$ cat target_27.csv   # CSV, C-alpha atoms
chain,number,residue,atom,x,y,z
B,199,MET,CA,111.2,58.9,-99.8
B,200,THR,CA,108.4,60.2,-102.1
B,201,ALA,CA,106.6,57.0,-101.2
B,202,ALA,CA,106.9,57.6,-97.4
B,203,PRO,CA,103.5,57.5,-95.7
B,204,ARG,CA,101.9,60.9,-95.2
B,205,GLY,CA,101.6,60.4,-91.5
B,206,MET,CA,105.4,60.3,-91.2
B,207,ARG,CA,105.8,63.6,-92.9
B,208,LEU,CA,106.1,67.1,-91.5
B,209,HIS,CA,103.0,68.9,-92.7
B,210,ILE,CA,103.8,72.4,-93.7
B,211,GLY,CA,100.7,74.6,-94.4
B,212,ILE,CA,100.9,77.8,-96.5
B,213,PHE,CA,98.3,80.3,-95.5
B,214,GLY,CA,97.5,83.9,-96.4
B,215,ARG,CA,95.4,86.2,-98.5
B,216,ARG,CA,94.7,85.7,-102.2
B,217,ASN,CA,97.5,86.7,-104.5
B,218,VAL,CA,100.3,87.1,-102.0
B,219,GLY,CA,102.3,84.3,-103.8
B,220,LYS,CA,101.5,81.2,-101.8
B,221,SER,CA,101.3,78.9,-104.9
B,222,THR,CA,104.4,80.5,-106.4
B,223,LEU,CA,106.2,79.8,-103.1
B,224,LEU,CA,105.2,76.2,-103.2
B,225,ASN,CA,106.4,75.8,-106.8
B,226,LEU,CA,109.7,77.4,-105.9
B,227,MET,CA,110.3,75.0,-102.9
B,228,ALA,CA,109.2,72.0,-104.9
B,229,GLY,CA,111.3,72.9,-107.9
B,230,GLN,CA,108.4,72.3,-110.3
B,231,GLU,CA,104.9,73.6,-111.1
B,232,VAL,CA,102.7,72.0,-108.5
B,233,SER,CA,100.1,74.7,-108.1
B,234,ILE,CA,98.7,76.8,-111.0
B,235,VAL,CA,99.8,80.4,-110.7
B,236,SER,CA,97.8,83.3,-112.1
B,237,PRO,CA,97.3,87.0,-111.4
B,238,ALA,CA,93.5,86.3,-111.1
B,239,PRO,CA,92.4,86.1,-107.5
B,240,GLY,CA,91.2,82.7,-106.2
B,241,THR,CA,93.2,80.5,-108.7
B,242,THR,CA,93.8,77.9,-106.0
B,243,ALA,CA,90.6,76.2,-105.1
B,244,ASP,CA,91.0,73.0,-103.1
B,245,PRO,CA,94.2,72.6,-101.0
B,246,VAL,CA,97.1,71.3,-103.1
B,247,GLU,CA,99.4,68.7,-101.4
B,248,LYS,CA,103.0,68.1,-102.5
B,249,PRO,CA,105.1,65.4,-100.8
B,250,MET,CA,108.9,65.8,-101.2
B,251,GLU,CA,112.2,64.9,-99.5
B,252,PHE,CA,113.5,67.8,-97.4
B,253,ILE,CA,117.2,67.2,-96.7
B,254,PRO,CA,118.4,66.7,-94.0
B,255,MET,CA,115.0,66.5,-92.2
B,256,GLY,CA,113.5,63.8,-94.3
B,257,PRO,CA,110.0,63.6,-95.9
B,258,VAL,CA,107.6,66.6,-95.7
B,259,LEU,CA,104.2,67.4,-97.1
B,260,TRP,CA,103.5,70.9,-98.4
B,261,ILE,CA,99.9,72.1,-98.3
B,262,ASP,CA,99.0,75.1,-100.5
B,263,THR,CA,95.7,76.6,-99.5
B,264,ALA,CA,93.2,79.0,-101.1
B,265,GLY,CA,93.2,82.6,-100.0
B,266,LEU,CA,91.4,82.8,-96.7
B,267,ASP,CA,89.9,86.1,-97.7
B,268,ASP,CA,88.1,84.6,-100.7
B,269,VAL,CA,84.7,86.0,-101.3
B,270,GLY,CA,81.3,84.8,-102.6
B,271,SER,CA,79.6,81.5,-101.9
B,272,LEU,CA,82.3,79.5,-103.8
B,273,GLY,CA,85.0,81.6,-102.2
B,274,GLU,CA,83.7,80.9,-98.7
B,275,LYS,CA,83.8,77.1,-99.5
B,276,ARG,CA,87.4,77.5,-100.6
B,277,ALA,CA,88.3,79.4,-97.5
B,278,ALA,CA,86.5,76.8,-95.3
B,279,ALA,CA,88.5,74.0,-97.0
B,280,ALA,CA,91.7,75.9,-96.3
B,281,LYS,CA,90.8,76.3,-92.6
B,282,ARG,CA,90.2,72.6,-92.3
B,283,MET,CA,94.0,72.3,-93.0
B,284,PHE,CA,94.7,74.0,-89.6
B,285,ASP,CA,94.1,70.6,-87.9
B,286,ARG,CA,96.8,68.9,-90.1
B,287,THR,CA,99.4,71.6,-89.9
B,288,ASP,CA,102.6,70.9,-88.0
B,289,LEU,CA,104.4,74.1,-89.2
B,290,ALA,CA,102.5,77.1,-90.4
B,291,VAL,CA,103.9,79.5,-93.1
B,292,ILE,CA,102.0,82.8,-93.1
B,293,VAL,CA,102.6,84.7,-96.3
B,294,PHE,CA,102.0,88.4,-96.5
B,295,ALA,CA,102.8,91.1,-99.0
B,296,GLY,CA,102.5,94.8,-98.4
B,297,SER,CA,100.0,94.6,-95.5
B,298,TRP,CA,99.4,93.1,-92.1
B,299,ASP,CA,96.1,93.8,-90.4
B,300,SER,CA,93.4,92.0,-88.4
B,301,PHE,CA,93.2,89.3,-91.1
B,302,GLU,CA,96.8,88.2,-90.7
B,303,GLN,CA,96.8,88.8,-87.0
B,304,ASP,CA,93.8,86.6,-86.5
B,305,LEU,CA,95.5,83.9,-88.5
B,306,ASN,CA,98.6,84.3,-86.4
B,307,ASP,CA,96.7,84.2,-83.1
B,308,GLU,CA,94.9,80.9,-84.2
B,309,PHE,CA,98.2,79.1,-84.7
B,310,VAL,CA,99.6,80.5,-81.5
B,311,ARG,CA,96.5,79.2,-79.7
B,312,ARG,CA,97.1,75.8,-81.2
B,313,GLY,CA,100.8,75.8,-80.3
B,314,VAL,CA,101.8,75.4,-84.0
B,315,PRO,CA,105.2,77.0,-84.8
B,316,ILE,CA,104.9,79.8,-87.3
B,317,ILE,CA,107.2,81.0,-90.1
B,318,TYR,CA,106.5,84.5,-91.5
B,319,VAL,CA,107.2,85.0,-95.1
B,320,HIS,CA,107.3,88.6,-96.4
B,321,ASN,CA,106.8,87.9,-100.0
B,322,GLN,CA,107.2,90.3,-103.0
B,323,VAL,CA,109.8,92.3,-101.1
B,324,ASP,CA,110.9,93.8,-104.4
B,325,LEU,CA,107.5,95.5,-104.6
B,326,HIS,CA,107.0,96.0,-100.8
B,327,PRO,CA,110.5,96.5,-99.3
B,328,GLY,CA,109.4,97.6,-95.8
B,329,LEU,CA,107.6,95.7,-93.1
B,330,PRO,CA,104.0,96.8,-92.9
B,331,ALA,CA,102.6,98.5,-89.8
B,332,GLY,CA,101.1,96.1,-87.3
B,333,PHE,CA,103.5,93.2,-88.0
B,334,PRO,CA,104.3,91.4,-84.7
B,335,ALA,CA,107.1,93.1,-82.8
B,336,GLY,CA,110.2,91.0,-82.4
B,337,ALA,CA,109.2,88.6,-85.2
B,338,GLU,CA,111.7,88.1,-88.0
B,339,PRO,CA,110.1,87.3,-91.3
B,340,VAL,CA,111.9,85.6,-94.2
B,341,ALA,CA,112.2,88.1,-97.0
B,342,MET,CA,111.3,86.5,-100.4
B,343,SER,CA,110.4,87.2,-104.0
B,344,ALA,CA,109.2,83.8,-104.8
B,345,ASP,CA,108.5,84.5,-108.5
B,346,ARG,CA,112.2,85.5,-108.8
B,347,GLY,CA,113.5,82.6,-106.8
B,348,VAL,CA,114.7,84.9,-104.0
B,349,GLY,CA,114.7,83.6,-100.4
B,350,LYS,CA,114.5,79.9,-101.0
B,351,GLU,CA,117.5,78.9,-99.0
B,352,GLU,CA,116.6,81.3,-96.2
B,353,LEU,CA,113.2,79.6,-95.9
B,354,ARG,CA,114.8,76.2,-95.9
B,355,ARG,CA,117.0,77.2,-93.0
B,356,GLU,CA,114.0,78.6,-91.1
B,357,ILE,CA,112.0,75.3,-91.6
B,358,LEU,CA,114.9,73.4,-90.0
B,359,LEU,CA,114.9,75.8,-87.1
B,360,ARG,CA,111.2,75.9,-86.5
B,361,ALA,CA,110.2,72.3,-87.1
B,362,PRO,CA,108.7,70.6,-84.1
B,363,ALA,CA,111.3,68.5,-82.3
B,364,ASP,CA,109.5,65.2,-82.8
B,365,PHE,CA,110.1,65.5,-86.5
B,366,ILE,CA,113.8,65.9,-86.0
B,367,GLU,CA,113.8,63.1,-83.4
B,368,ALA,CA,110.9,60.8,-84.5
B,369,PRO,CA,108.8,59.6,-81.5
B,370,PRO,CA,109.3,55.9,-80.9
B,371,LEU,CA,106.7,53.2,-81.3
B,372,ILE,CA,108.2,50.6,-79.1
B,373,ARG,CA,112.0,51.0,-78.9
B,374,ASP,CA,111.9,53.0,-75.6
B,375,LEU,CA,110.3,49.9,-74.0
B,376,LEU,CA,113.2,47.6,-75.0
B,377,ALA,CA,116.8,47.0,-74.1
B,378,PRO,CA,119.4,45.8,-76.7
B,379,GLY,CA,119.0,42.1,-77.4
B,380,ASP,CA,115.4,41.8,-76.2
B,381,LEU,CA,113.1,39.5,-78.2
B,382,VAL,CA,109.7,40.7,-79.3
B,383,VAL,CA,107.1,38.3,-80.8
B,384,MET,CA,104.9,40.0,-83.4
B,385,VAL,CA,101.6,38.3,-84.2
B,386,THR,CA,100.4,39.4,-87.7
B,387,PRO,CA,97.2,37.8,-88.9
B,388,ILE,CA,96.8,37.3,-92.6
B,389,ASP,CA,93.2,38.0,-93.5
B,390,ALA,CA,91.1,40.0,-96.0
B,391,GLU,CA,92.5,43.3,-94.8
B,392,ALA,CA,96.2,42.3,-95.2
B,393,PRO,CA,97.5,43.5,-98.6
B,394,ARG,CA,98.6,40.7,-100.8
B,395,GLY,CA,102.3,40.0,-100.7
B,396,ARG,CA,102.9,42.7,-98.0
B,397,MET,CA,102.5,43.5,-94.4
B,398,ILE,CA,100.4,46.4,-93.2
B,399,LEU,CA,102.1,49.7,-92.3
B,400,PRO,CA,101.9,49.5,-88.5
B,401,GLN,CA,103.5,46.1,-88.5
B,402,MET,CA,106.4,47.2,-90.8
B,403,GLN,CA,107.0,50.4,-88.8
B,404,THR,CA,107.0,48.4,-85.5
B,405,LEU,CA,109.4,46.0,-87.0
B,406,ARG,CA,111.8,48.8,-88.0
B,407,ASP,CA,111.6,50.3,-84.5
B,408,ILE,CA,112.5,47.0,-82.9
B,409,LEU,CA,115.5,46.7,-85.2
B,410,ASP,CA,116.5,50.3,-84.4
B,411,ALA,CA,116.6,49.3,-80.8
B,412,ASP,CA,119.1,46.6,-81.6
B,413,CYS,CA,116.6,43.9,-80.7
B,414,ARG,CA,115.3,40.7,-82.2
B,415,THR,CA,111.9,39.7,-83.4
B,416,LEU,CA,109.9,36.6,-84.1
B,417,ILE,CA,107.0,37.0,-86.5
B,418,THR,CA,104.1,34.5,-86.6
B,419,ARG,CA,100.5,34.2,-87.4
B,420,GLU,CA,98.1,33.8,-84.5
B,421,ASN,CA,97.4,30.1,-85.2
B,422,ARG,CA,101.2,29.4,-84.8
B,423,LEU,CA,101.8,31.5,-81.6
B,424,ARG,CA,101.7,28.6,-79.1
B,425,GLU,CA,104.1,26.6,-81.1
B,426,ALA,CA,106.4,29.6,-81.6
B,427,LEU,CA,106.5,30.4,-77.9
B,428,SER,CA,107.1,26.8,-76.9
B,429,ASP,CA,110.2,26.8,-79.2
B,430,LEU,CA,111.8,29.6,-77.2
B,431,VAL,CA,114.4,28.9,-74.6
B,432,ARG,CA,113.1,31.8,-72.5
B,433,PRO,CA,110.0,34.0,-72.6
B,434,PRO,CA,110.1,37.0,-74.9
B,435,LYS,CA,110.2,40.6,-73.6
B,436,MET,CA,106.7,41.1,-74.9
B,437,VAL,CA,104.1,40.0,-77.5
B,438,VAL,CA,102.6,42.6,-79.9
B,439,THR,CA,99.5,41.6,-81.9
B,440,ASP,CA,97.1,43.0,-84.4
B,441,SER,CA,94.2,44.2,-82.2
B,442,GLN,CA,91.7,42.0,-84.1
B,443,ALA,CA,93.4,38.9,-82.7
B,444,PHE,CA,93.7,40.1,-79.1
B,445,LYS,CA,91.4,37.5,-77.6
B,446,ARG,CA,93.0,34.5,-79.4
B,447,VAL,CA,96.6,35.8,-78.8
B,448,ALA,CA,95.9,36.5,-75.1
B,449,ALA,CA,94.7,32.9,-74.6
B,450,ALA,CA,98.0,31.6,-76.1
B,451,THR,CA,100.3,34.0,-74.3
B,452,PRO,CA,101.4,33.2,-70.8
B,453,PRO,CA,100.0,35.8,-68.3
B,454,GLU,CA,103.5,36.8,-67.1
B,455,VAL,CA,104.5,37.9,-70.7
B,456,PRO,CA,103.4,41.5,-71.4
B,457,LEU,CA,101.0,41.8,-74.3
B,458,THR,CA,99.9,44.8,-76.3
B,459,GLY,CA,98.7,45.8,-79.8
B,460,PHE,CA,100.1,47.6,-82.8
B,461,SER,CA,97.2,50.1,-82.5
B,462,ILE,CA,98.0,50.8,-78.9
B,463,LEU,CA,101.6,51.5,-79.8
B,464,TYR,CA,100.3,53.9,-82.4
B,465,ALA,CA,98.1,55.6,-79.9
B,466,ARG,CA,101.3,56.6,-78.0
B,467,ALA,CA,103.2,57.8,-81.0
B,468,ARG,CA,100.4,59.4,-83.0
B,469,GLY,CA,98.0,60.6,-80.4
B,470,ASP,CA,97.6,60.6,-76.6
B,471,LEU,CA,97.4,57.1,-75.1
B,472,ALA,CA,96.0,58.3,-71.7
B,473,ALA,CA,93.2,60.3,-73.5
B,474,PHE,CA,92.3,57.3,-75.6
B,475,ALA,CA,92.3,55.0,-72.6
B,476,GLU,CA,90.1,57.4,-70.7
B,477,GLY,CA,87.7,57.4,-73.6
B,478,ALA,CA,87.3,53.6,-73.4
B,479,ALA,CA,85.2,54.2,-70.3
B,480,GLY,CA,82.7,55.9,-72.6
B,481,ILE,CA,81.9,52.6,-74.2
B,482,GLY,CA,80.4,51.3,-70.9
B,483,ARG,CA,78.2,54.4,-70.7
B,484,LEU,CA,76.5,53.9,-74.1
B,485,ARG,CA,72.7,53.8,-74.1
B,486,ASP,CA,70.1,52.6,-76.6
B,487,GLY,CA,69.7,55.0,-79.4
B,488,ASP,CA,73.2,56.6,-79.0
B,489,LYS,CA,75.2,57.5,-82.1
B,490,VAL,CA,78.9,56.7,-82.3
B,491,LEU,CA,81.3,58.4,-84.7
B,492,VAL,CA,83.9,56.1,-86.5
B,493,ALA,CA,86.7,58.4,-87.6
B,494,GLU,CA,89.0,56.9,-90.2
B,495,SER,CA,92.1,58.9,-91.1
B,496,CYS,CA,92.3,57.4,-94.7
B,497,THR,CA,89.9,56.4,-97.4
B,498,HIS,CA,90.0,52.7,-98.3
B,499,HIS,CA,87.8,50.2,-100.0
B,500,SER,CA,85.5,48.7,-97.3
B,501,ILE,CA,85.5,44.9,-97.2
B,502,GLU,CA,82.7,42.7,-95.9
B,503,ASP,CA,84.4,42.2,-92.5
B,504,ASP,CA,85.9,45.7,-92.1
B,505,ILE,CA,87.3,46.4,-88.7
B,506,GLY,CA,85.9,49.9,-88.2
B,507,ARG,CA,82.6,49.4,-90.1
B,508,ASN,CA,81.7,45.9,-89.1
B,509,LYS,CA,83.7,44.0,-86.5
B,510,LEU,CA,84.2,46.8,-83.9
B,511,PRO,CA,80.6,48.0,-84.0
B,512,ASN,CA,79.4,44.4,-83.5
B,513,TRP,CA,81.8,43.9,-80.6
B,514,ILE,CA,80.6,47.1,-79.0
B,515,ARG,CA,76.9,46.1,-79.4
B,516,ARG,CA,77.7,42.6,-77.9
B,517,LYS,CA,79.7,44.1,-75.0
B,518,THR,CA,77.2,46.7,-74.1
B,519,GLY,CA,74.0,45.0,-75.1
B,520,LYS,CA,72.8,48.4,-76.4
B,521,ASP,CA,71.2,49.3,-79.7
B,522,VAL,CA,73.8,51.8,-81.0
B,523,SER,CA,74.2,53.3,-84.4
B,524,PHE,CA,77.5,54.1,-86.1
B,525,GLU,CA,78.4,56.9,-88.5
B,526,ILE,CA,81.6,56.9,-90.6
B,527,SER,CA,83.9,59.9,-91.2
B,528,ALA,CA,86.7,59.0,-93.6
B,529,GLY,CA,89.9,60.7,-94.7
B,530,HIS,CA,90.5,64.3,-93.7
B,531,ASP,CA,86.8,65.0,-92.9
B,532,PHE,CA,85.9,65.3,-89.2
B,533,PRO,CA,82.6,66.7,-88.0
B,534,LYS,CA,82.8,70.3,-86.6
B,535,ASN,CA,79.9,69.6,-84.3
B,536,LEU,CA,80.3,66.4,-82.2
B,537,SER,CA,77.4,67.1,-79.9
B,538,ALA,CA,75.3,64.5,-81.7
B,539,TYR,CA,77.7,61.7,-80.7
B,540,ALA,CA,78.0,59.8,-77.5
B,541,LEU,CA,81.4,58.4,-78.4
B,542,ALA,CA,84.1,58.8,-81.1
B,543,LEU,CA,86.1,55.8,-82.3
B,544,HIS,CA,89.4,56.7,-84.0
B,545,CYS,CA,91.4,54.4,-86.2
B,546,GLY,CA,95.1,53.6,-85.6
B,547,ALA,CA,96.1,56.7,-87.5
B,548,CYS,CA,98.9,55.1,-89.5
B,549,MET,CA,98.1,57.4,-92.5
B,550,THR,CA,97.9,60.7,-90.7
B,551,ASN,CA,100.1,62.8,-88.5
B,552,ARG,CA,100.1,63.3,-84.7
B,553,ARG,CA,98.9,66.9,-84.8
B,554,ALA,CA,95.8,65.9,-86.7
B,555,VAL,CA,95.0,63.2,-84.2
B,556,LEU,CA,95.6,65.6,-81.2
B,557,SER,CA,93.3,68.2,-82.9
B,558,ARG,CA,90.6,65.6,-83.0
B,559,ILE,CA,91.1,64.6,-79.3
B,560,MET,CA,91.0,68.3,-78.4
B,561,ALA,CA,87.7,68.8,-80.4
B,562,ALA,CA,86.2,65.7,-78.7
B,563,ARG,CA,87.2,66.9,-75.2
B,564,ALA,CA,85.8,70.4,-75.9
B,565,ALA,CA,82.5,68.8,-76.9
B,566,GLY,CA,82.5,66.5,-73.8
B,567,VAL,CA,82.6,63.4,-76.1
B,568,PRO,CA,84.9,60.5,-75.1
B,569,ILE,CA,87.2,59.4,-77.8
B,570,VAL,CA,89.0,56.0,-78.0
B,571,ASN,CA,91.1,54.4,-80.7
B,572,TYR,CA,90.4,51.0,-82.3
B,573,GLY,CA,93.0,48.9,-80.4
B,574,ILE,CA,92.0,50.1,-77.0
B,575,ALA,CA,88.3,49.7,-77.8
B,576,ILE,CA,88.9,46.2,-79.0
B,577,ALA,CA,90.8,45.3,-75.8
B,578,TYR,CA,88.0,46.8,-73.7
B,579,CYS,CA,85.3,44.8,-75.6
B,580,HIS,CA,87.3,41.6,-75.0
B,581,ASP,CA,87.9,42.3,-71.3
B,582,LEU,CA,91.7,42.6,-72.0
B,583,LEU,CA,92.3,46.3,-71.5
B,584,ASP,CA,94.1,45.8,-68.2
B,585,ARG,CA,96.5,43.4,-69.8
B,586,ALA,CA,97.0,45.4,-73.0
B,587,LEU,CA,97.9,48.5,-71.0
B,588,ARG,CA,100.1,46.7,-68.4
B,589,LEU,CA,103.1,48.3,-70.0
B,590,PHE,CA,101.5,51.7,-69.7
B,591,PRO,CA,100.2,52.1,-66.1
B,592,GLU,CA,99.5,55.8,-66.4
B,593,ALA,CA,97.1,55.2,-69.3
B,594,TYR,CA,95.3,52.4,-67.4
B,595,ALA,CA,95.0,54.7,-64.4
B,596,ALA,CA,93.3,57.3,-66.6
B,597,PHE,CA,90.8,54.6,-67.7
B,598,GLU,CA,90.1,53.6,-64.1
B,599,ARG,CA,89.5,57.2,-63.1
B,600,ALA,CA,87.2,57.8,-66.0
B,601,ARG,CA,85.3,54.6,-65.3
B,602,SER,CA,84.8,55.4,-61.6
B,603,GLY,CA,83.9,59.0,-62.3
B,604,THR,CA,86.9,60.4,-60.4
B,605,GLY,CA,88.8,61.7,-63.4
$ encode --input "target_27.csv" --output "structure tokens"
Amino acid sequence: MTAAPRGMRLHIGIFGRRNVGKSTLLNLMAGQEVSIVSPAPGTTADPVEKPMEFIPMGPVLWIDTAGLDDVGSLGEKRAAAAKRMFDRTDLAVIVFAGSWDSFEQDLNDEFVRRGVPIIYVHNQVDLHPGLPAGFPAGAEPVAMSADRGVGKEELRREILLRAPADFIEAPPLIRDLLAPGDLVVMVTPIDAEAPRGRMILPQMQTLRDILDADCRTLITRENRLREALSDLVRPPKMVVTDSQAFKRVAAATPPEVPLTGFSILYARARGDLAAFAEGAAGIGRLRDGDKVLVAESCTHHSIEDDIGRNKLPNWIRRKTGKDVSFEISAGHDFPKNLSAYALALHCGACMTNRRAVLSRIMAARAAGVPIVNYGIAIAYCHDLLDRALRLFPEAYAAFERARSGTG
């Protein structure tokens, strides 16, 4: 489980002032020295991430952050890096020791506004036994002395109680669309972006979801799809393809057979399919000179025919006939100010979690910038969006409303 993708992990963010014991708490929960601990304020600089197996929930990712009250120019940068972790946090642990004032309350209010569950940890209870004035009425903190190993099991139980439901019951990629025994054809191109000897993550996770639904699958490359379909006694329940092969796969798939893409399935499980479909209408409104943000959720070596950096920008220019520029944002970076962009393109999000994607959708909406993911954008550019979203009529209706200006 230590190798589980970070996007499948519950992201637990640890926040608070300097020297309240955040790093000590992480080391206690991890059972090893992950973060450097020192009495000197500001020891933790950049956020420290620790993946681990959390029985019985499964894989989690702890994020230890710098004290948000850090001072000076360097301290402000550390605090800013910590605040960027708000977007990735599925479960917030607010650590306090001896005081609770406007600083902790503002932190609390921010996570309440975001709808992020909160666990309060009253650390160093051996030194500060009573709850400080101002602590939220009715809230029950976990009493801990992390440096002495006190409170570990109590915090574990609280995490199980507070974790969002979708991490206890993982959201499906495809199994809710299937009945036991259904056959799904998966089209998986083998090109420069396919890792040697392996399949890419969305394909593997979709395959596992199909098997969990007690269904069957047939896997083929796009050049063998017609042959594979002709060998079947009856049509499959649906065909799922890598978005880059949409046009070729659509031509080979009978129109009565539902067709969609791995990236579109991910848009359901990791984001908001209707919001991304609505954003596709923004492609048709691009003008000469507009700037488009390409948001990748991971960092990877860019190849010559990279989907986000080359293929998709070229398809958009060809579809719209507009001279549009593209700017790349990779990994956890995401611009705070989106006003310079006419459109945001988001990757399939296989390497991040749903809350981070939803935060980006919220930021785009607040700025009035349409946001669409790769798979939906590719289907739009190839005039296949109605077919790719046939399984999801509400999402297609959101696109139609946005395109007609009635949404």
$ closest_residue --input "target_27.csv" --among "B:Ile505, B:Leu541, B:Ile576, B:Leu416" --to "Ile462 (chain B)" --atoms "all atoms listed in the file"
B:Ile576
$ closest_residue --input "target_27.csv" --among "B:Lys534, B:Lys445, B:Arg215, B:His326" --to "Arg282 (chain B)" --atoms "only C-alpha atoms"
B:Lys534
$ closest_residue --input "target_27.csv" --among "B:Thr439, B:Asn551, B:Gln303, B:Asn321" --to "Ser221 (chain B)" --atoms "only C-alpha atoms"
B:Asn321
$ residues_around --input "target_27.csv" --residues "region 421-434 of chain B" --least-positions-apart "5" --cutoff "8 Å" --atoms "only C-alpha atoms" --output "number ranges by chain"
B: 380-383, 385, 447, 450-451, 455
$ atom_distance --input "target_27.csv" --atom1 "CA of Ala264 (chain B)" --atom2 "CA of Arg216 (chain B)"
7.0 Å
$ atom_distance --input "target_27.csv" --atom1 "CA of Ala600 (chain B)" --atom2 "CA of Ala561 (chain B)"
18.1 Å
$ build_atoms --input "target_27.csv" --residues "region 401-417 of chain B" --atoms "N, CA and C atoms" --output "PDB file, keeping the file's coordinate frame"
ATOM      1  N   GLN B 401     102.653  47.199 -88.771  1.00  0.00           N
ATOM      2  CA  GLN B 401     103.500  46.100 -88.500  1.00  0.00           C
ATOM      3  C   GLN B 401     104.939  46.353 -89.029  1.00  0.00           C
ATOM      4  N   MET B 402     105.048  46.925 -90.203  1.00  0.00           N
ATOM      5  CA  MET B 402     106.400  47.200 -90.800  1.00  0.00           C
ATOM      6  C   MET B 402     107.087  48.282 -89.964  1.00  0.00           C
ATOM      7  N   GLN B 403     106.367  49.318 -89.523  1.00  0.00           N
ATOM      8  CA  GLN B 403     107.000  50.400 -88.800  1.00  0.00           C
ATOM      9  C   GLN B 403     107.423  49.894 -87.373  1.00  0.00           C
ATOM     10  N   THR B 404     106.628  49.025 -86.767  1.00  0.00           N
ATOM     11  CA  THR B 404     107.000  48.400 -85.500  1.00  0.00           C
ATOM     12  C   THR B 404     108.242  47.572 -85.630  1.00  0.00           C
ATOM     13  N   LEU B 405     108.275  46.788 -86.682  1.00  0.00           N
ATOM     14  CA  LEU B 405     109.400  46.000 -87.000  1.00  0.00           C
ATOM     15  C   LEU B 405     110.701  46.803 -87.092  1.00  0.00           C
ATOM     16  N   ARG B 406     110.610  47.904 -87.827  1.00  0.00           N
ATOM     17  CA  ARG B 406     111.800  48.800 -88.000  1.00  0.00           C
ATOM     18  C   ARG B 406     112.188  49.380 -86.656  1.00  0.00           C
ATOM     19  N   ASP B 407     111.245  49.747 -85.812  1.00  0.00           N
ATOM     20  CA  ASP B 407     111.600  50.300 -84.500  1.00  0.00           C
ATOM     21  C   ASP B 407     112.266  49.305 -83.617  1.00  0.00           C
ATOM     22  N   ILE B 408     111.844  48.049 -83.696  1.00  0.00           N
ATOM     23  CA  ILE B 408     112.500  47.000 -82.900  1.00  0.00           C
ATOM     24  C   ILE B 408     113.939  46.817 -83.392  1.00  0.00           C
ATOM     25  N   LEU B 409     114.150  46.831 -84.697  1.00  0.00           N
ATOM     26  CA  LEU B 409     115.500  46.700 -85.200  1.00  0.00           C
ATOM     27  C   LEU B 409     116.369  47.904 -84.856  1.00  0.00           C
ATOM     28  N   ASP B 410     115.773  49.104 -84.855  1.00  0.00           N
ATOM     29  CA  ASP B 410     116.500  50.300 -84.400  1.00  0.00           C
ATOM     30  C   ASP B 410     116.947  50.220 -82.989  1.00  0.00           C
ATOM     31  N   ALA B 411     116.225  49.455 -82.180  1.00  0.00           N
ATOM     32  CA  ALA B 411     116.600  49.300 -80.800  1.00  0.00           C
ATOM     33  C   ALA B 411     117.606  48.195 -80.561  1.00  0.00           C
ATOM     34  N   ASP B 412     118.125  47.646 -81.663  1.00  0.00           N
ATOM     35  CA  ASP B 412     119.100  46.600 -81.600  1.00  0.00           C
ATOM     36  C   ASP B 412     118.528  45.339 -80.920  1.00  0.00           C
ATOM     37  N   CYS B 413     117.276  45.047 -81.268  1.00  0.00           N
ATOM     38  CA  CYS B 413     116.600  43.900 -80.700  1.00  0.00           C
ATOM     39  C   CYS B 413     116.224  42.892 -81.768  1.00  0.00           C
ATOM     40  N   ARG B 414     115.679  41.779 -81.316  1.00  0.00           N
ATOM     41  CA  ARG B 414     115.300  40.700 -82.200  1.00  0.00           C
ATOM     42  C   ARG B 414     113.789  40.553 -82.253  1.00  0.00           C
ATOM     43  N   THR B 415     113.307  39.958 -83.328  1.00  0.00           N
ATOM     44  CA  THR B 415     111.900  39.700 -83.400  1.00  0.00           C
ATOM     45  C   THR B 415     111.570  38.370 -84.011  1.00  0.00           C
ATOM     46  N   LEU B 416     110.476  37.812 -83.575  1.00  0.00           N
ATOM     47  CA  LEU B 416     109.900  36.600 -84.100  1.00  0.00           C
ATOM     48  C   LEU B 416     108.545  36.917 -84.635  1.00  0.00           C
ATOM     49  N   ILE B 417     108.283  36.623 -85.896  1.00  0.00           N
ATOM     50  CA  ILE B 417     107.000  37.000 -86.500  1.00  0.00           C
ATOM     51  C   ILE B 417     106.215  35.711 -86.801  1.00  0.00           C
TER      52      ILE B 417
END
